[in-house]
>>> print(open('structure-v9.pdb').read())   # PDB, C-alpha atoms
ATOM      1  CA  MET A 213      30.468  91.131  80.660
ATOM      2  CA  ARG A 214      28.637  88.955  78.156
ATOM      3  CA  GLN A 215      30.763  90.261  75.309
ATOM      4  CA  LEU A 216      33.974  89.438  77.159
ATOM      5  CA  VAL A 217      32.901  85.925  78.112
ATOM      6  CA  GLN A 218      31.756  85.253  74.547
ATOM      7  CA  HIS A 219      35.258  86.096  73.317
ATOM      8  CA  LEU A 220      36.656  83.623  75.869
ATOM      9  CA  HIS A 221      34.168  80.983  74.746
ATOM     10  CA  ASP A 222      35.285  81.528  71.137
ATOM     11  CA  ASN A 223      39.005  81.465  72.104
ATOM     12  CA  ASP A 224      39.284  84.953  70.605
ATOM     13  CA  LEU A 225      42.008  86.417  72.808
ATOM     14  CA  ALA A 226      42.611  89.424  70.564
ATOM     15  CA  GLY A 227      38.884  90.161  70.525
ATOM     16  CA  TYR A 228      38.814  89.919  74.320
ATOM     17  CA  ALA A 229      41.690  92.380  74.636
ATOM     18  CA  ARG A 230      40.075  94.842  72.221
ATOM     19  CA  ALA A 231      36.808  94.726  74.151
ATOM     20  CA  ALA A 232      38.539  95.044  77.525
ATOM     21  CA  VAL A 233      39.824  98.623  77.093
ATOM     22  CA  PRO A 234      38.896 101.725  75.072
ATOM     23  CA  PRO A 235      40.221 101.732  71.476
ATOM     24  CA  GLU A 236      42.766 104.505  72.103
ATOM     25  CA  GLU A 237      44.262 102.608  75.031
ATOM     26  CA  TYR A 238      44.399  99.393  73.019
ATOM     27  CA  ALA A 239      46.398 101.166  70.317
ATOM     28  CA  GLU A 240      48.788 102.637  72.889
ATOM     29  CA  LEU A 241      49.195  99.269  74.601
ATOM     30  CA  GLU A 242      49.996  97.697  71.250
ATOM     31  CA  MET A 243      52.705 100.289  70.677
ATOM     32  CA  ALA A 244      54.073  99.772  74.198
ATOM     33  CA  TRP A 245      54.305  96.034  73.449
ATOM     34  CA  ALA A 246      56.163  96.731  70.207
ATOM     35  CA  GLN A 247      58.615  98.944  72.097
ATOM     36  CA  GLY A 248      59.232  96.228  74.702
ATOM     37  CA  HIS A 249      57.619  98.152  77.577
ATOM     38  CA  SER A 250      54.478  96.045  78.106
ATOM     39  CA  ARG A 251      53.089  92.534  77.837
ATOM     40  CA  TRP A 252      49.492  93.445  78.633
ATOM     41  CA  PRO A 253      47.116  91.558  78.630
ATOM     42  CA  LEU A 254      49.316  88.499  79.207
ATOM     43  CA  ASP A 255      50.542  90.018  82.460
ATOM     44  CA  GLU A 256      47.017  89.615  83.851
ATOM     45  CA  LEU A 257      47.520  85.843  83.797
ATOM     46  CA  PRO A 258      48.884  83.907  86.777
ATOM     47  CA  LEU A 259      52.609  83.178  86.297
ATOM     48  CA  HIS A 260      52.523  85.225  83.092
ATOM     49  CA  ASP A 261      56.303  85.614  83.124
ATOM     50  CA  LYS A 262      56.650  81.823  82.801
ATOM     51  CA  LEU A 263      54.554  81.597  79.620
ATOM     52  CA  PRO A 264      57.426  81.847  77.083
ATOM     53  CA  ALA A 265      59.401  79.217  78.999
ATOM     54  CA  LEU A 266      56.351  76.944  79.148
ATOM     55  CA  LEU A 267      55.760  77.235  75.404
ATOM     56  CA  ALA A 268      59.464  76.674  74.756
ATOM     57  CA  SER A 269      59.470  73.525  76.902
ATOM     58  CA  LEU A 270      56.404  72.163  75.113
ATOM     59  CA  SER A 271      57.882  73.011  71.702
ATOM     60  CA  THR A 272      61.210  71.178  71.903
ATOM     61  CA  PRO A 273      61.655  68.204  69.514
ATOM     62  CA  ASP A 274      61.883  65.772  72.445
ATOM     63  CA  ALA A 275      58.989  67.279  74.424
ATOM     64  CA  GLU A 276      56.630  64.297  74.063
ATOM     65  CA  THR A 277      59.291  61.765  75.060
ATOM     66  CA  ARG A 278      60.578  63.874  77.944
ATOM     67  CA  LEU A 279      57.137  64.637  79.357
ATOM     68  CA  GLN A 280      55.932  61.060  78.987
ATOM     69  CA  ARG A 281      59.027  59.838  80.836
ATOM     70  CA  ALA A 282      58.457  62.346  83.637
ATOM     71  CA  PHE A 283      54.778  61.398  83.896
ATOM     72  CA  ARG A 284      55.563  57.685  84.146
ATOM     73  CA  ALA A 285      58.179  58.314  86.821
ATOM     74  CA  GLN A 286      56.202  60.716  88.988
ATOM     75  CA  ILE A 287      52.449  60.463  88.386
ATOM     76  CA  ALA A 288      51.370  57.338  86.465
ATOM     77  CA  GLY A 289      49.282  55.072  88.695
ATOM     78  CA  GLN A 290      49.762  57.307  91.749
ATOM     79  CA  THR A 291      46.051  57.980  92.183
ATOM     80  CA  ALA A 292      46.099  58.265  95.976
ATOM     81  CA  GLY A 293      49.179  60.477  95.985
ATOM     82  CA  VAL A 294      47.771  62.799  93.320
ATOM     83  CA  ARG A 295      44.510  63.147  95.236
ATOM     84  CA  GLN A 296      46.367  63.954  98.436
ATOM     85  CA  ALA A 297      48.516  66.521  96.611
ATOM     86  CA  ALA A 298      45.400  68.168  95.153
ATOM     87  CA  HIS A 299      43.828  68.291  98.596
ATOM     88  CA  SER A 300      46.941  69.785 100.194
ATOM     89  CA  LEU A 301      47.433  72.351  97.440
ATOM     90  CA  GLY A 302      43.797  73.351  97.773
ATOM     91  CA  LEU A 303      44.164  73.962 101.494
ATOM     92  CA  PHE A 304      47.377  75.917 100.968
ATOM     93  CA  GLY A 305      45.767  77.995  98.216
ATOM     94  CA  GLU A 306      42.769  78.853 100.356
ATOM     95  CA  GLN A 307      44.977  79.950 103.247
ATOM     96  CA  TYR A 308      47.251  82.015 101.023
ATOM     97  CA  ILE A 309      44.424  83.821  99.243
ATOM     98  CA  SER A 310      42.563  84.405 102.509
ATOM     99  CA  HIS A 311      45.529  86.129 104.154
ATOM    100  CA  GLN A 312      48.010  87.188 101.458
ATOM    101  CA  GLY A 313      48.049  88.892  98.081
ATOM    102  CA  ASP A 314      46.812  92.210  96.731
ATOM    103  CA  TYR A 315      43.121  91.395  96.359
ATOM    104  CA  SER A 316      39.903  93.249  97.064
ATOM    105  CA  ASP A 317      37.395  91.560  99.375
ATOM    106  CA  ASP A 318      35.269  90.514  96.383
ATOM    107  CA  GLU A 319      38.288  89.116  94.517
ATOM    108  CA  ARG A 320      39.470  87.246  97.586
ATOM    109  CA  ALA A 321      36.047  85.636  98.041
ATOM    110  CA  HIS A 322      35.952  84.696  94.344
ATOM    111  CA  TYR A 323      39.428  83.165  94.277
ATOM    112  CA  VAL A 324      38.774  81.094  97.395
ATOM    113  CA  GLN A 325      35.708  79.627  95.683
ATOM    114  CA  LEU A 326      37.803  78.869  92.593
ATOM    115  CA  VAL A 327      40.499  77.096  94.585
ATOM    116  CA  LYS A 328      37.947  74.978  96.443
ATOM    117  CA  ALA A 329      36.176  73.974  93.239
ATOM    118  CA  LEU A 330      39.386  73.175  91.365
ATOM    119  CA  SER A 331      40.837  71.251  94.302
ATOM    120  CA  ALA A 332      37.692  69.109  94.500
ATOM    121  CA  TRP A 333      37.819  68.557  90.733
ATOM    122  CA  ALA A 334      41.512  67.585  90.788
ATOM    123  CA  GLN A 335      40.930  65.073  93.567
ATOM    124  CA  ALA A 336      38.322  63.289  91.436
ATOM    125  CA  ALA A 337      39.846  63.753  87.968
ATOM    126  CA  PRO A 338      41.827  60.903  86.307
ATOM    127  CA  LEU A 339      45.091  62.852  86.461
ATOM    128  CA  SER A 340      47.213  59.712  86.865
ATOM    129  CA  ASP A 341      45.717  57.935  83.820
ATOM    130  CA  SER A 342      48.572  57.112  81.426
ATOM    131  CA  LYS A 343      46.486  56.832  78.260
ATOM    132  CA  LEU A 344      44.810  60.183  78.862
ATOM    133  CA  ALA A 345      48.163  61.759  79.695
ATOM    134  CA  GLY A 346      49.560  60.581  76.369
ATOM    135  CA  SER A 347      46.846  62.315  74.349
ATOM    136  CA  THR A 348      47.115  65.392  76.569
ATOM    137  CA  ILE A 349      50.848  65.724  75.997
ATOM    138  CA  ALA A 350      50.441  65.230  72.236
ATOM    139  CA  THR A 351      47.713  67.894  72.064
ATOM    140  CA  LEU A 352      49.595  70.497  74.094
ATOM    141  CA  THR A 353      52.973  70.029  72.420
ATOM    142  CA  ALA A 354      51.453  70.320  68.942
ATOM    143  CA  ALA A 355      49.514  73.437  69.931
ATOM    144  CA  ALA A 356      52.564  75.024  71.533
ATOM    145  CA  ARG A 357      54.744  74.447  68.469
ATOM    146  CA  ALA A 358      52.064  75.942  66.240
ATOM    147  CA  THR A 359      52.221  79.265  68.120
ATOM    148  CA  GLY A 360      55.887  79.837  67.242
ATOM    149  CA  LEU A 361      56.091  81.825  70.479
ATOM    150  CA  ASP A 362      58.873  80.056  72.331
ATOM    151  CA  SER A 363      60.594  83.179  73.690
ATOM    152  CA  ASP A 364      59.921  86.761  74.660
ATOM    153  CA  ALA A 365      61.732  87.806  71.495
ATOM    154  CA  ALA A 366      59.146  85.868  69.489
ATOM    155  CA  LEU A 367      56.340  87.642  71.346
ATOM    156  CA  GLN A 368      58.062  90.926  70.607
ATOM    157  CA  GLU A 369      58.325  90.179  66.901
ATOM    158  CA  ALA A 370      54.712  88.976  66.595
ATOM    159  CA  GLY A 371      53.323  92.062  68.330
ATOM    160  CA  MET A 372      50.438  92.189  70.768
ATOM    161  CA  THR A 373      47.576  91.413  68.397
ATOM    162  CA  GLY A 374      49.619  88.843  66.470
ATOM    163  CA  SER A 375      50.716  87.075  69.660
ATOM    164  CA  LEU A 376      47.156  86.902  70.970
ATOM    165  CA  GLN A 377      45.947  85.515  67.642
ATOM    166  CA  ARG A 378      48.651  82.838  67.687
ATOM    167  CA  LEU A 379      47.857  81.956  71.310
ATOM    168  CA  SER A 380      44.137  81.497  70.646
ATOM    169  CA  PRO A 381      44.484  77.925  69.254
ATOM    170  CA  PHE A 382      46.706  77.064  72.230
ATOM    171  CA  ALA A 383      43.988  78.330  74.595
ATOM    172  CA  ALA A 384      41.506  76.150  72.719
ATOM    173  CA  ALA A 385      43.823  73.150  73.148
ATOM    174  CA  VAL A 386      44.107  73.784  76.894
ATOM    175  CA  LYS A 387      40.305  73.880  77.188
ATOM    176  CA  GLN A 388      40.070  70.676  75.142
ATOM    177  CA  VAL A 389      42.508  68.940  77.467
ATOM    178  CA  LEU A 390      40.700  70.110  80.607
ATOM    179  CA  ALA A 391      37.376  68.940  79.185
ATOM    180  CA  GLY A 392      38.935  65.501  78.730
ATOM    181  CA  TYR A 393      39.576  65.471  82.467
ATOM    182  CA  GLY A 394      36.012  66.507  83.255
ATOM    183  CA  LEU A 395      36.451  70.268  83.529
ATOM    184  CA  SER A 396      34.557  72.024  80.732
ATOM    185  CA  LEU A 397      35.319  75.743  80.820
ATOM    186  CA  ASP A 398      33.078  76.333  77.815
ATOM    187  CA  ASP A 399      30.125  74.910  79.754
ATOM    188  CA  SER A 400      30.945  77.265  82.623
ATOM    189  CA  ILE A 401      31.068  80.222  80.248
ATOM    190  CA  ALA A 402      27.848  79.225  78.474
ATOM    191  CA  GLN A 403      25.964  79.012  81.770
ATOM    192  CA  LEU A 404      27.258  82.298  83.211
ATOM    193  CA  ARG A 405      24.520  84.602  84.519
ATOM    194  CA  THR A 406      24.788  88.303  85.261
ATOM    195  CA  GLY A 407      22.595  90.892  86.933
ATOM    196  CA  LEU A 408      23.017  94.525  87.921
ATOM    197  CA  ALA A 409      23.468  94.829  91.687
ATOM    198  CA  SER A 410      23.920  98.598  91.895
ATOM    199  CA  GLN A 411      24.929 101.635  89.852
ATOM    200  CA  GLU A 412      26.078 105.092  90.839
ATOM    201  CA  GLY A 413      27.239 107.384  88.053
ATOM    202  CA  ASP A 414      30.083 105.785  86.115
ATOM    203  CA  ARG A 415      30.483 102.907  88.567
ATOM    204  CA  ALA A 416      28.376  99.758  88.681
ATOM    205  CA  VAL A 417      28.456  96.453  90.534
ATOM    206  CA  VAL A 418      27.366  93.341  88.664
ATOM    207  CA  HIS A 419      26.393  90.043  90.269
ATOM    208  CA  VAL A 420      27.917  87.091  88.400
ATOM    209  CA  GLN A 421      27.219  83.391  88.837
ATOM    210  CA  TYR A 422      28.568  80.389  86.927
ATOM    211  CA  PRO A 423      29.097  76.675  87.528
ATOM    212  CA  LEU A 424      32.593  75.251  87.796
ATOM    213  CA  ALA A 425      33.412  71.596  88.397
ATOM    214  CA  GLY A 426      29.954  70.961  89.794
ATOM    215  CA  GLN A 427      30.022  73.911  92.180
ATOM    216  CA  GLU A 428      28.289  77.256  91.883
ATOM    217  CA  ILE A 429      30.632  80.255  91.855
ATOM    218  CA  ASP A 430      29.159  83.551  93.036
ATOM    219  CA  LEU A 431      30.910  86.912  92.846
ATOM    220  CA  GLN A 432      30.537  90.666  92.536
ATOM    221  CA  VAL A 433      32.336  92.508  89.732
ATOM    222  CA  VAL A 434      32.946  96.258  89.624
ATOM    223  CA  LEU A 435      32.512  97.974  86.260
ATOM    224  CA  ALA A 436      33.570 101.482  85.258
ATOM    225  CA  ARG A 437      32.177 103.558  82.414
ATOM    226  CA  ARG A 438      34.727 105.216  80.176
ATOM    227  CA  GLN A 439      33.961 107.037  76.909
ATOM    228  CA  GLY A 440      30.368 105.870  77.104
ATOM    229  CA  ARG A 441      31.140 102.135  77.465
ATOM    230  CA  TRP A 442      31.437  99.829  80.450
ATOM    231  CA  TYR A 443      34.644  97.958  81.279
ATOM    232  CA  LEU A 444      35.943  95.796  84.115
ATOM    233  CA  ALA A 445      37.364  98.258  86.627
ATOM    234  CA  ARG A 446      40.318  96.049  87.591
ATOM    235  CA  THR A 447      41.266  95.515  83.940
ATOM    236  CA  LEU A 448      41.195  99.266  83.344
ATOM    237  CA  ALA A 449      43.396  99.812  86.399
ATOM    238  CA  GLU A 450      45.908  97.192  85.233
ATOM    239  CA  ALA A 451      45.956  98.596  81.700
ATOM    240  CA  ASP A 452      46.409 102.121  83.075
ATOM    241  CA  ALA A 453      49.322 100.916  85.220
ATOM    242  CA  ALA A 454      50.918  99.187  82.231
ATOM    243  CA  LEU A 455      50.584 102.354  80.152
ATOM    244  CA  ALA A 456      51.981 104.562  82.927
ATOM    245  CA  ALA A 457      55.020 102.284  83.238
ATOM    246  CA  ALA A 458      55.460 102.193  79.456
ATOM    247  CA  ARG A 459      55.319 105.992  79.230
ATOM    248  CA  ALA A 460      57.891 106.279  81.995
ATOM    249  CA  ALA A 461      60.184 103.777  80.261
ATOM    250  CA  ALA A 462      59.877 105.343  76.820
ATOM    251  CA  PRO A 463      62.876 107.482  75.799
ATOM    252  CA  ALA A 464      62.440 111.217  75.760
ATOM    253  CA  PRO A 465      62.243 112.925  72.343
ATOM    254  CA  GLY A 466      65.681 112.862  70.722
ATOM    255  CA  GLU A 467      66.961 109.907  72.722
ATOM    256  CA  ASP A 468      67.958 106.709  70.928
ATOM    257  CA  GLN A 469      65.312 103.979  70.845
ATOM    258  CA  ALA A 470      66.305 100.645  72.332
ATOM    259  CA  SER A 471      66.763  97.912  69.786
ATOM    260  CA  PRO A 472      64.048  95.233  69.545
ATOM    261  CA  ASP A 473      66.521  92.654  70.865
ATOM    262  CA  ASP A 474      67.290  94.766  73.922
ATOM    263  CA  ALA A 475      63.610  95.465  74.500
ATOM    264  CA  GLY A 476      62.748  91.802  74.302
ATOM    265  CA  THR A 477      65.385  90.748  76.826
ATOM    266  CA  ASP A 478      64.569  93.514  79.302
ATOM    267  CA  ILE A 479      60.816  93.043  79.535
ATOM    268  CA  GLY A 480      61.009  90.829  82.602
ATOM    269  CA  ASN A 481      62.732  93.606  84.560
ATOM    270  CA  SER A 482      60.688  96.515  83.212
ATOM    271  CA  PRO A 483      58.376  98.664  85.350
ATOM    272  CA  ALA A 484      55.438  97.235  83.380
ATOM    273  CA  ALA A 485      56.343  93.738  84.533
ATOM    274  CA  ALA A 486      56.518  94.914  88.147
ATOM    275  CA  ALA A 487      53.160  96.645  87.981
ATOM    276  CA  LYS A 488      51.279  93.345  88.323
ATOM    277  CA  PRO A 489      51.113  92.171  91.977
TER     278      PRO A 489
END
>>> encode(input="structure-v9.pdb", output="structure tokens")
Amino acid sequence: MRQLVQHLHDNDLAGYARAAVPPEEYAELEMAWAQGHSRWPLDELPLHDKLPALLASLSTPDAETRLQRAFRAQIAGQTAGVRQAAHSLGLFGEQYISHQGDYSDDERAHYVQLVKALSAWAQAAPLSDSKLAGSTIATLTAAARATGLDSDAALQEAGMTGSLQRLSPFAAAVKQVLAGYGLSLDDSIAQLRTGLASQEGDRAVVHVQYPLAGQEIDLQVVLARRQGRWYLARTLAEADAALAAARAAAPAPGEDQASPDDAGTDIGNSPAAAAKP
């Protein structure tokens, strides 16, 4: 757990991915990415399928002007409206997570805490401040352009490790922006505490606590031991599902391989993409 969170603190996304699964699985996942059958670990992110479109939107030559215009028209000076929207979205999120979605009881309890904390933060944060929005837009558009990952084809060409390395500075920029609004993820990571709750054979439960937006988050995490090392059980399950889908999608010996262009355009409809709830 501490190794994984240290990689997140250091914005080392490739290091996080390498530490999240056994080496043999990492190598197979990298090959599945190259063949267009997987986008693990990006598919563990919320709205992962929107990431290329988001980077593309932030990378256009007119992105700053377009986003500034939209901010002025919809958000600038609307402090009360933004606070009400954050409150309403928080309530909706809590209700959805409490009753919908493919979550374990521990995950559901964790996500409800996250939504409450982030909703409270958003209601107090200066989200309608025009000056802060200007620097935020400039930071994010520059970081997005620097990735060069404005399409799934670009992700395909860069490969799994290369894509994660290019995304690391963008992740750092996102954390920088959030810190400017009073939400320091690095502080949360630095203050994370862990303790063994129980262990039985190759399964263990770890108690995790960390502060977020002034609130204490408390959760239980299940770990599984594989090849003598401990990993997050849910991450292993998601990686296993991605590999199973990639193996099923791979052509049988003697069949023609799909071209990189075809693989890149089909990833959104692949079994690997559907494996993530």
>>> atom_distance(input="structure-v9.pdb", atom1="CA of Gln296 in chain A", atom2="CA of Ala383 in chain A")
27.9 Å
>>> atom_distance(input="structure-v9.pdb", atom1="CA of Arg357 in chain A", atom2="CA of Thr272 in chain A")
8.0 Å
>>> atom_distance(input="structure-v9.pdb", atom1="CA of Val324 in chain A", atom2="CA of Val434 in chain A")
18.0 Å
>>> closest_residue(input="structure-v9.pdb", among="A:Ala460, A:Ala298, A:Leu379, A:Leu220", to="Ala232 in chain A", atoms="all atoms listed in the file")
A:Leu220
>>> residues_around(input="structure-v9.pdb", residues="Tyr443 in chain A", least_positions_apart="4", cutoff="10 Å", atoms="all atoms listed in the file", output="PDB file with C-alpha atoms, in the frame of the given file")
ATOM      1  CA  MET A 213      30.468  91.131  80.660  1.00  0.00           C
ATOM      2  CA  LEU A 216      33.974  89.438  77.159  1.00  0.00           C
ATOM      3  CA  ALA A 231      36.808  94.726  74.151  1.00  0.00           C
ATOM      4  CA  ALA A 232      38.539  95.044  77.525  1.00  0.00           C
ATOM      5  CA  VAL A 233      39.824  98.623  77.093  1.00  0.00           C
ATOM      6  CA  PRO A 234      38.896 101.725  75.072  1.00  0.00           C
ATOM      7  CA  ARG A 415      30.483 102.907  88.567  1.00  0.00           C
ATOM      8  CA  ALA A 416      28.376  99.758  88.681  1.00  0.00           C
ATOM      9  CA  VAL A 434      32.946  96.258  89.624  1.00  0.00           C
ATOM     10  CA  LEU A 435      32.512  97.974  86.260  1.00  0.00           C
ATOM     11  CA  ALA A 436      33.570 101.482  85.258  1.00  0.00           C
ATOM     12  CA  ARG A 437      32.177 103.558  82.414  1.00  0.00           C
ATOM     13  CA  ARG A 438      34.727 105.216  80.176  1.00  0.00           C
ATOM     14  CA  THR A 447      41.266  95.515  83.940  1.00  0.00           C
ATOM     15  CA  LEU A 448      41.195  99.266  83.344  1.00  0.00           C
TER      16      LEU A 448
END
>>> closest_residue(input="structure-v9.pdb", among="A:Gly392, A:Ile309, A:Ala332, A:Val217", to="Arg405 in chain A", atoms="all atoms listed in the file")
A:Val217
>>> resolve_selection(input="structure-v9.pdb", expression="the PyMOL selection byres ((chain A and resi 254) around 10)", output="VMD selection string")
chain A and resid 225 229 250 to 253 255 to 261 263 372 375 to 376
>>> resolve_selection(input="structure-v9.pdb", expression="the PyMOL selection byres ((chain A and resi 400) around 12)", output="PDB file with C-alpha atoms, keeping the file's coordinate frame")
ATOM      1  CA  VAL A 217      32.901  85.925  78.112  1.00  0.00           C
ATOM      2  CA  GLN A 218      31.756  85.253  74.547  1.00  0.00           C
ATOM      3  CA  LEU A 220      36.656  83.623  75.869  1.00  0.00           C
ATOM      4  CA  HIS A 221      34.168  80.983  74.746  1.00  0.00           C
ATOM      5  CA  LYS A 387      40.305  73.880  77.188  1.00  0.00           C
ATOM      6  CA  ALA A 391      37.376  68.940  79.185  1.00  0.00           C
ATOM      7  CA  GLY A 394      36.012  66.507  83.255  1.00  0.00           C
ATOM      8  CA  LEU A 395      36.451  70.268  83.529  1.00  0.00           C
ATOM      9  CA  SER A 396      34.557  72.024  80.732  1.00  0.00           C
ATOM     10  CA  LEU A 397      35.319  75.743  80.820  1.00  0.00           C
ATOM     11  CA  ASP A 398      33.078  76.333  77.815  1.00  0.00           C
ATOM     12  CA  ASP A 399      30.125  74.910  79.754  1.00  0.00           C
ATOM     13  CA  ILE A 401      31.068  80.222  80.248  1.00  0.00           C
ATOM     14  CA  ALA A 402      27.848  79.225  78.474  1.00  0.00           C
ATOM     15  CA  GLN A 403      25.964  79.012  81.770  1.00  0.00           C
ATOM     16  CA  LEU A 404      27.258  82.298  83.211  1.00  0.00           C
ATOM     17  CA  ARG A 405      24.520  84.602  84.519  1.00  0.00           C
ATOM     18  CA  VAL A 420      27.917  87.091  88.400  1.00  0.00           C
ATOM     19  CA  GLN A 421      27.219  83.391  88.837  1.00  0.00           C
ATOM     20  CA  TYR A 422      28.568  80.389  86.927  1.00  0.00           C
ATOM     21  CA  PRO A 423      29.097  76.675  87.528  1.00  0.00           C
ATOM     22  CA  LEU A 424      32.593  75.251  87.796  1.00  0.00           C
ATOM     23  CA  ALA A 425      33.412  71.596  88.397  1.00  0.00           C
ATOM     24  CA  GLY A 426      29.954  70.961  89.794  1.00  0.00           C
ATOM     25  CA  GLN A 427      30.022  73.911  92.180  1.00  0.00           C
ATOM     26  CA  GLU A 428      28.289  77.256  91.883  1.00  0.00           C
ATOM     27  CA  ILE A 429      30.632  80.255  91.855  1.00  0.00           C
TER      28      ILE A 429
END
>>> axis_aligned_box(input="structure-v9.pdb", around="range 321-336 of chain A", padding_each_side="5 Å", output="AutoDock Vina command-line options")
--center_x 38.6 --center_y 74.5 --center_z 94.4 --size_x 15.8 --size_y 32.3 --size_z 17.3
>>> closest_residue(input="structure-v9.pdb", among="A:Ala334, A:Arg446, A:His219, A:Gly248", to="Asp314 in chain A", atoms="only C-alpha atoms")
A:Arg446
>>> resolve_selection(input="structure-v9.pdb", expression="the PyMOL selection byres ((chain A and resi 297) around 12)", output="PyMOL selection string")
chain A and resi 287+290-296+298-305+331-332+334-336+339-340
>>> closest_residue(input="structure-v9.pdb", among="A:Leu361, A:Ala453, A:Leu352, A:Ala458", to="Pro264 in chain A", atoms="only C-alpha atoms")
A:Leu361
>>> residues_around(input="structure-v9.pdb", residues="Ala355 in chain A", least_positions_apart="6", cutoff="7 Å", atoms="all atoms listed in the file", output="PyMOL selection string")
chain A and resi 381-382+385
>>> residues_around(input="structure-v9.pdb", residues="Leu431 in chain A", least_positions_apart="4", cutoff="9 Å", atoms="all atoms listed in the file", output="PDB file with C-alpha atoms, in the frame of the given file")
ATOM      1  CA  ASP A 318      35.269  90.514  96.383  1.00  0.00           C
ATOM      2  CA  GLU A 319      38.288  89.116  94.517  1.00  0.00           C
ATOM      3  CA  ALA A 321      36.047  85.636  98.041  1.00  0.00           C
ATOM      4  CA  HIS A 322      35.952  84.696  94.344  1.00  0.00           C
ATOM      5  CA  VAL A 418      27.366  93.341  88.664  1.00  0.00           C
ATOM      6  CA  HIS A 419      26.393  90.043  90.269  1.00  0.00           C
ATOM      7  CA  VAL A 420      27.917  87.091  88.400  1.00  0.00           C
ATOM      8  CA  GLN A 421      27.219  83.391  88.837  1.00  0.00           C
TER       9      GLN A 421
END
>>> closest_residue(input="structure-v9.pdb", among="A:Trp442, A:Tyr308, A:Trp245, A:Tyr315", to="Ala365 in chain A", atoms="only C-alpha atoms")
A:Trp245
>>> closest_residue(input="structure-v9.pdb", among="A:Ala409, A:Ala454, A:Met243, A:Ala345", to="Arg284 in chain A", atoms="only C-alpha atoms")
A:Ala345
>>> decode(input="structure-v9.pdb", residues="range 341-363 of chain A", atoms="C-alpha atoms", output="PDB file, in the first residue's frame")
ATOM      1  CA  ASP A 341     -13.061  32.964  -9.340  1.00  0.00           C
ATOM      2  CA  SER A 342     -12.118  34.279 -12.795  1.00  0.00           C
ATOM      3  CA  LYS A 343      -8.446  34.953 -12.074  1.00  0.00           C
ATOM      4  CA  LEU A 344      -7.911  31.475 -10.650  1.00  0.00           C
ATOM      5  CA  ALA A 345      -9.801  29.944 -13.567  1.00  0.00           C
ATOM      6  CA  GLY A 346      -7.477  31.687 -16.008  1.00  0.00           C
ATOM      7  CA  SER A 347      -4.347  30.165 -14.477  1.00  0.00           C
ATOM      8  CA  THR A 348      -6.089  26.797 -14.185  1.00  0.00           C
ATOM      9  CA  ILE A 349      -7.007  26.729 -17.863  1.00  0.00           C
ATOM     10  CA  ALA A 350      -3.486  27.782 -18.888  1.00  0.00           C
ATOM     11  CA  THR A 351      -1.916  25.055 -16.728  1.00  0.00           C
ATOM     12  CA  LEU A 352      -4.184  22.257 -17.940  1.00  0.00           C
ATOM     13  CA  THR A 353      -4.058  23.134 -21.634  1.00  0.00           C
ATOM     14  CA  ALA A 354      -0.256  23.317 -21.611  1.00  0.00           C
ATOM     15  CA  ALA A 355       0.002  19.999 -19.773  1.00  0.00           C
ATOM     16  CA  ALA A 356      -2.466  18.324 -22.117  1.00  0.00           C
ATOM     17  CA  ARG A 357      -0.615  19.468 -25.237  1.00  0.00           C
ATOM     18  CA  ALA A 358       2.662  18.217 -23.792  1.00  0.00           C
ATOM     19  CA  THR A 359       1.304  14.653 -23.555  1.00  0.00           C
ATOM     20  CA  GLY A 360       0.721  14.393 -27.314  1.00  0.00           C
ATOM     21  CA  LEU A 361      -2.056  11.937 -26.459  1.00  0.00           C
ATOM     22  CA  ASP A 362      -5.064  13.522 -28.114  1.00  0.00           C
ATOM     23  CA  SER A 363      -6.592  10.308 -29.490  1.00  0.00           C
TER      24      SER A 363
END
